[in-house]
Structure formats: structure tokens, C-alpha cells
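input-v3.cif, holding mmCIF, C-alpha atoms:
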```
data_target
#
loop_
_atom_site.label_atom_id
_atom_site.label_comp_id
_atom_site.auth_asym_id
_atom_site.auth_seq_id
_atom_site.Cartn_x
_atom_site.Cartn_y
_atom_site.Cartn_z
CA GLN A 1 -31.89 78.84 149.43
CA VAL A 2 -33.31 82.23 148.45
CA LEU A 3 -36.85 82.71 147.18
CA LEU A 4 -37.66 85.77 145.07
CA VAL A 5 -41.15 86.94 144.13
CA GLU A 6 -41.76 89.91 141.84
CA SER A 7 -44.87 92.07 141.80
CA GLY A 8 -46.08 95.42 140.53
CA GLY A 9 -46.17 94.85 136.81
CA GLY A 10 -49.05 96.00 134.65
CA LEU A 11 -50.24 98.01 131.68
CA VAL A 12 -49.24 101.68 131.54
CA GLN A 13 -49.17 104.48 128.99
CA ILE A 14 -46.08 106.05 127.44
CA GLY A 15 -44.35 108.38 129.86
CA GLU A 16 -45.95 106.95 132.97
CA SER A 17 -44.17 105.37 135.91
CA LEU A 18 -44.31 101.99 137.59
CA ARG A 19 -42.61 100.50 140.64
CA LEU A 20 -41.75 96.83 140.72
CA SER A 21 -41.12 94.98 143.95
CA CYS A 22 -39.04 91.91 144.65
CA ALA A 23 -39.74 90.12 147.92
CA ALA A 24 -36.80 88.03 149.06
CA SER A 25 -36.76 85.31 151.67
CA GLY A 26 -34.19 82.82 152.86
CA ARG A 27 -30.91 82.62 154.66
CA ALA A 28 -28.54 85.56 154.53
CA VAL A 29 -30.65 87.32 151.91
CA SER A 30 -29.17 90.69 152.76
CA SER A 31 -25.71 89.45 151.80
CA TYR A 32 -26.73 88.86 148.18
CA ALA A 33 -26.60 91.43 145.43
CA VAL A 34 -30.03 91.65 143.81
CA GLY A 35 -30.55 92.69 140.23
CA TRP A 36 -33.29 93.26 137.71
CA PHE A 37 -33.36 91.81 134.23
CA ARG A 38 -36.00 91.91 131.53
CA GLN A 39 -36.85 89.77 128.57
CA ALA A 40 -38.97 90.79 125.62
CA PRO A 41 -40.45 88.18 123.26
CA GLY A 42 -37.80 86.82 120.91
CA LYS A 43 -34.96 88.59 122.71
CA ASP A 44 -32.29 87.62 125.21
CA ARG A 45 -32.67 88.37 128.89
CA GLU A 46 -31.19 91.84 129.39
CA PHE A 47 -29.38 93.18 132.44
CA LEU A 48 -30.86 96.39 133.83
CA THR A 49 -29.47 97.13 137.27
CA THR A 50 -28.10 95.56 140.44
CA ILE A 51 -27.70 96.70 144.02
CA SER A 52 -25.02 95.40 146.35
CA GLY A 53 -25.97 93.48 149.46
CA THR A 54 -23.18 94.99 151.54
CA ASP A 55 -22.99 98.72 150.97
CA GLY A 56 -25.85 99.54 148.60
CA THR A 57 -23.66 100.25 145.59
CA THR A 58 -25.71 100.31 142.41
CA TRP A 59 -24.94 99.55 138.78
CA TYR A 60 -27.09 100.39 135.74
CA SER A 61 -27.12 99.54 132.09
CA ASP A 62 -26.99 102.41 129.65
CA ALA A 63 -30.52 101.56 128.52
CA VAL A 64 -32.09 102.51 131.83
CA ARG A 65 -29.60 104.78 133.61
CA GLY A 66 -31.36 107.99 134.53
CA ARG A 67 -34.89 106.56 134.14
CA PHE A 68 -34.85 103.53 136.44
CA THR A 69 -33.78 103.47 140.09
CA ILE A 70 -33.07 100.39 142.17
CA SER A 71 -33.31 100.39 145.95
CA ARG A 72 -33.52 97.87 148.73
CA ASP A 73 -34.85 97.58 152.25
CA ASN A 74 -32.82 94.98 154.12
CA VAL A 75 -35.18 95.09 157.10
CA GLN A 76 -38.17 94.11 154.98
CA ASN A 77 -36.03 92.06 152.55
CA MET A 78 -37.44 93.98 149.62
CA VAL A 79 -35.81 95.29 146.45
CA TYR A 80 -37.58 97.86 144.30
CA LEU A 81 -37.28 99.06 140.74
CA GLN A 82 -38.73 102.50 140.14
CA MET A 83 -39.30 102.96 136.42
CA ASN A 84 -40.03 106.43 135.05
CA VAL A 85 -40.78 107.83 131.61
CA LEU A 86 -41.70 104.40 130.33
CA LYS A 87 -41.42 103.68 126.62
CA PRO A 88 -42.94 100.97 124.41
CA GLU A 89 -39.51 99.33 124.20
CA ASP A 90 -39.64 98.78 127.97
CA THR A 91 -42.38 96.21 127.39
CA ALA A 92 -41.08 92.89 128.70
CA SER A 93 -41.20 90.39 131.51
CA TYR A 94 -39.13 91.71 134.41
CA TYR A 95 -37.18 89.40 136.70
CA CYS A 96 -35.28 89.92 139.90
CA ALA A 97 -32.30 87.72 140.65
CA ALA A 98 -29.77 87.25 143.44
CA ALA A 99 -26.03 86.84 143.13
CA PRO A 100 -23.70 85.92 146.00
CA GLY A 101 -20.64 87.89 146.94
CA ASP A 102 -19.55 91.45 146.43
CA ARG A 103 -18.24 92.02 142.92
CA GLY A 104 -18.24 94.68 140.24
CA PHE A 105 -20.23 95.90 137.27
CA TYR A 106 -19.10 93.38 134.66
CA TYR A 107 -19.73 90.48 137.02
CA TYR A 108 -23.28 91.58 137.70
CA THR A 109 -24.18 92.19 134.06
CA ASP A 110 -23.71 88.45 133.37
CA ARG A 111 -26.92 86.58 134.14
CA GLU A 112 -24.93 83.37 134.60
CA ASN A 113 -23.63 84.78 137.90
CA TYR A 114 -27.10 84.95 139.43
CA VAL A 115 -28.02 81.90 141.44
CA TYR A 116 -31.67 82.57 142.28
CA TRP A 117 -34.41 83.96 140.05
CA GLY A 118 -38.00 85.01 140.47
CA THR A 119 -40.69 83.99 138.01
CA GLY A 120 -41.16 87.46 136.57
CA THR A 121 -43.78 90.15 136.27
CA GLN A 122 -45.09 91.54 132.98
CA VAL A 123 -44.79 95.22 132.10
CA THR A 124 -46.60 96.50 129.04
CA VAL A 125 -46.22 100.09 127.85
CA SER A 126 -48.97 101.10 125.48
CA ALA A 127 -48.39 103.61 122.72
#
```
Render the structure in this file as C-alpha cells.
Amino acid sequence: QVLLVESGGGLVQIGESLRLSCAASGRAVSSYAVGWFRQAPGKDREFLTTISGTDGTTWYSDAVRGRFTISRDNVQNMVYLQMNVLKPEDTASYYCAAAPGDRGFYYYTDRENYVYWGTGTQVTVSA
């Protein structure tokens, strides 16, 4: 069992930055890949990025590559999402999720492959 808790969401202005945190607890947490997804009202949950549990390899969607950075601290069991140059279209609920194993990009873009999910944190970017 892995428990994930997101924090760090809030209201920001266009162009500002925000860092989300995902606190993970449970057995063998460091062996899981952890990713970030977001869901805006009326839209599907969207893959953003994932970081491997084994060697720190990262994968990004085209929508956030270059603006968002994922990182993890396996000592503290934390995963972070640094979000820069925020835009109104980044407004959504943001979720972290854990997937077992060590796979590739297409595997991690599929939300069905994530076994554990947090409850989300809201990010609102004001125009």
C-alpha cells in the first residue's frame, strides 16, 4: 500500500511559479515511478510528467516540457513539481500517482497503469 498526499496548490498570477509536493508513504515507495497528472473541469485527466523510481529518468508531455520540472527525494519520500511561467490553461486539480515497475514513456502516459493516487491539489492561474 502506498499513500500519496499532494500539497502546494493555490492561486497565482500569469507568469508566476508554483511548486507542488507529493508526500509518499508505504512499503518500497522508492521503487515506484511517480507521476503528475492534472484535470480541468469537463476535461479528461491529463498526463504531465513522471520520474522513475530506479534511476531518476524523467518523461514529460509536450504541454509542459520546458516549463515544468519533476524531481524526487527518496530519503524524504517526496516528489516535487516545479511549475514556471504559469498560464490560465494550467488551471486544474493536480494529482500525483504511483506506478510499479520500470517502464517507458508510453506506459507512464497511461493513467490506467498507476496503482495509487493522491486526492489532488487545486492550482488556479488568474489572468
Hey, what's within 9 Å of stretch 102-104 of chain A if we count all atoms listed in the file and toss same-chain stuff fewer than 4 positions away? As an mmCIF file with C-alpha atoms, keeping the file's coordinate frame, please?
```
data_model
loop_
_atom_site.group_PDB
_atom_site.id
_atom_site.type_symbol
_atom_site.label_atom_id
_atom_site.label_comp_id
_atom_site.auth_asym_id
_atom_site.auth_seq_id
_atom_site.Cartn_x
_atom_site.Cartn_y
_atom_site.Cartn_z
ATOM 1 C CA SER A 31 -25.710 89.450 151.800
ATOM 2 C CA TYR A 32 -26.730 88.860 148.180
ATOM 3 C CA ALA A 33 -26.600 91.430 145.430
ATOM 4 C CA SER A 52 -25.020 95.400 146.350
ATOM 5 C CA GLY A 53 -25.970 93.480 149.460
ATOM 6 C CA THR A 54 -23.180 94.990 151.540
ATOM 7 C CA TRP A 59 -24.940 99.550 138.780
ATOM 8 C CA TYR A 108 -23.280 91.580 137.700
ATOM 9 C CA THR A 109 -24.180 92.190 134.060
#
```
Going by the chain IDs and residue numbers used in this file, which residues fall under the PyMOL selection byres ((chain A and resi 119) around 12)? Write them as a PDB file with C-alpha atoms, in the frame of the given file.
```
ATOM      1  CA  LEU A   3     -36.850  82.710 147.180  1.00  0.00           C
ATOM      2  CA  LEU A   4     -37.660  85.770 145.070  1.00  0.00           C
ATOM      3  CA  VAL A   5     -41.150  86.940 144.130  1.00  0.00           C
ATOM      4  CA  GLU A   6     -41.760  89.910 141.840  1.00  0.00           C
ATOM      5  CA  SER A   7     -44.870  92.070 141.800  1.00  0.00           C
ATOM      6  CA  CYS A  22     -39.040  91.910 144.650  1.00  0.00           C
ATOM      7  CA  ALA A  23     -39.740  90.120 147.920  1.00  0.00           C
ATOM      8  CA  TRP A  36     -33.290  93.260 137.710  1.00  0.00           C
ATOM      9  CA  PHE A  37     -33.360  91.810 134.230  1.00  0.00           C
ATOM     10  CA  ARG A  38     -36.000  91.910 131.530  1.00  0.00           C
ATOM     11  CA  GLN A  39     -36.850  89.770 128.570  1.00  0.00           C
ATOM     12  CA  SER A  93     -41.200  90.390 131.510  1.00  0.00           C
ATOM     13  CA  TYR A  94     -39.130  91.710 134.410  1.00  0.00           C
ATOM     14  CA  TYR A  95     -37.180  89.400 136.700  1.00  0.00           C
ATOM     15  CA  CYS A  96     -35.280  89.920 139.900  1.00  0.00           C
ATOM     16  CA  ALA A  97     -32.300  87.720 140.650  1.00  0.00           C
ATOM     17  CA  TYR A 116     -31.670  82.570 142.280  1.00  0.00           C
ATOM     18  CA  TRP A 117     -34.410  83.960 140.050  1.00  0.00           C
ATOM     19  CA  GLY A 118     -38.000  85.010 140.470  1.00  0.00           C
ATOM     20  CA  GLY A 120     -41.160  87.460 136.570  1.00  0.00           C
ATOM     21  CA  THR A 121     -43.780  90.150 136.270  1.00  0.00           C
ATOM     22  CA  GLN A 122     -45.090  91.540 132.980  1.00  0.00           C
TER      23      GLN A 122
END
```
**Message:** Which residues, named as in the file, does the PyMOL selection byres ((chain A and resi 82) around 6) pick out? Answer as number ranges by chain.
**Reply:** A: 19, 68-69, 81, 83
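Here the question is which of A:Glu46, A:Glu16, A:Asp55, A:Asp110 gets nearest to A:Thr124 using only C-alpha atoms, and that residue is A:Glu16.
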**Prompt:** How would you write, as a ChimeraX atom specification, the residues chosen by the PyMOL selection byres ((chain A and resi 64) around 10) on this structure?
**Reply:** /A:47-49,60-63,65-69,83-84,86,90
**Asked** Taking all atoms listed in the file into account, which of A:Leu20, A:Val85, A:Ala92, A:Val125 comes nearest A:Lys43?
**Response**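 Once distances to A:Lys43 are computed over all atoms listed in the file, the minimum belongs to A:Ala92.
Straight-line separation from atom CA of A:Gly56 to atom CA of A:Thr91: 27.1 Å.
Here atom CA of A:Ser71 stands at a distance of 27.9 Å from atom CA of A:Ala127.
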**Request:** Have a look at atom CA of A:Gly26 and atom CA of A:Gly9 and let me know their distance in Å, one decimal.
**Result:** 23.4 Å
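Distances to A:Ile51 were evaluated for A:Lys87, A:Arg72, A:Arg27, A:Arg111 using only C-alpha atoms, and the minimum falls at A:Arg72.
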Take every atom of stretch 93-105 of chain A listed in the file, fit an axis-aligned box around them, add 5 Å per side, and give the centre and edge lengths in Å to one decimal as lines of an AutoDock Vina configuration file.
```
center_x = -29.7
center_y = 90.9
center_z = 139.2
size_x = 33.0
size_y = 20.0
size_z = 25.4
```
**Prompt:** Which of these residues is nearest to A:Val79, using only C-alpha atoms: A:Gly15, A:Gly10, A:Pro100, A:Gly35?
**Reply:**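 Counting only C-alpha atoms, the residue closest to A:Val79 is A:Gly35.
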**Prompt:** Closest to A:Glu112 among A:Ile70, A:Ala28, A:Ala99, A:Val2, using all atoms listed in the file?
**Reply:**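 Using all atoms listed in the file, A:Glu112 sits closest to A:Ala99.
Candidate residues A:Ser30, A:Gln13, A:Thr57, A:Gln1 were compared for distance to A:Val123, and the nearest is A:Gln13, using all atoms listed in the file.
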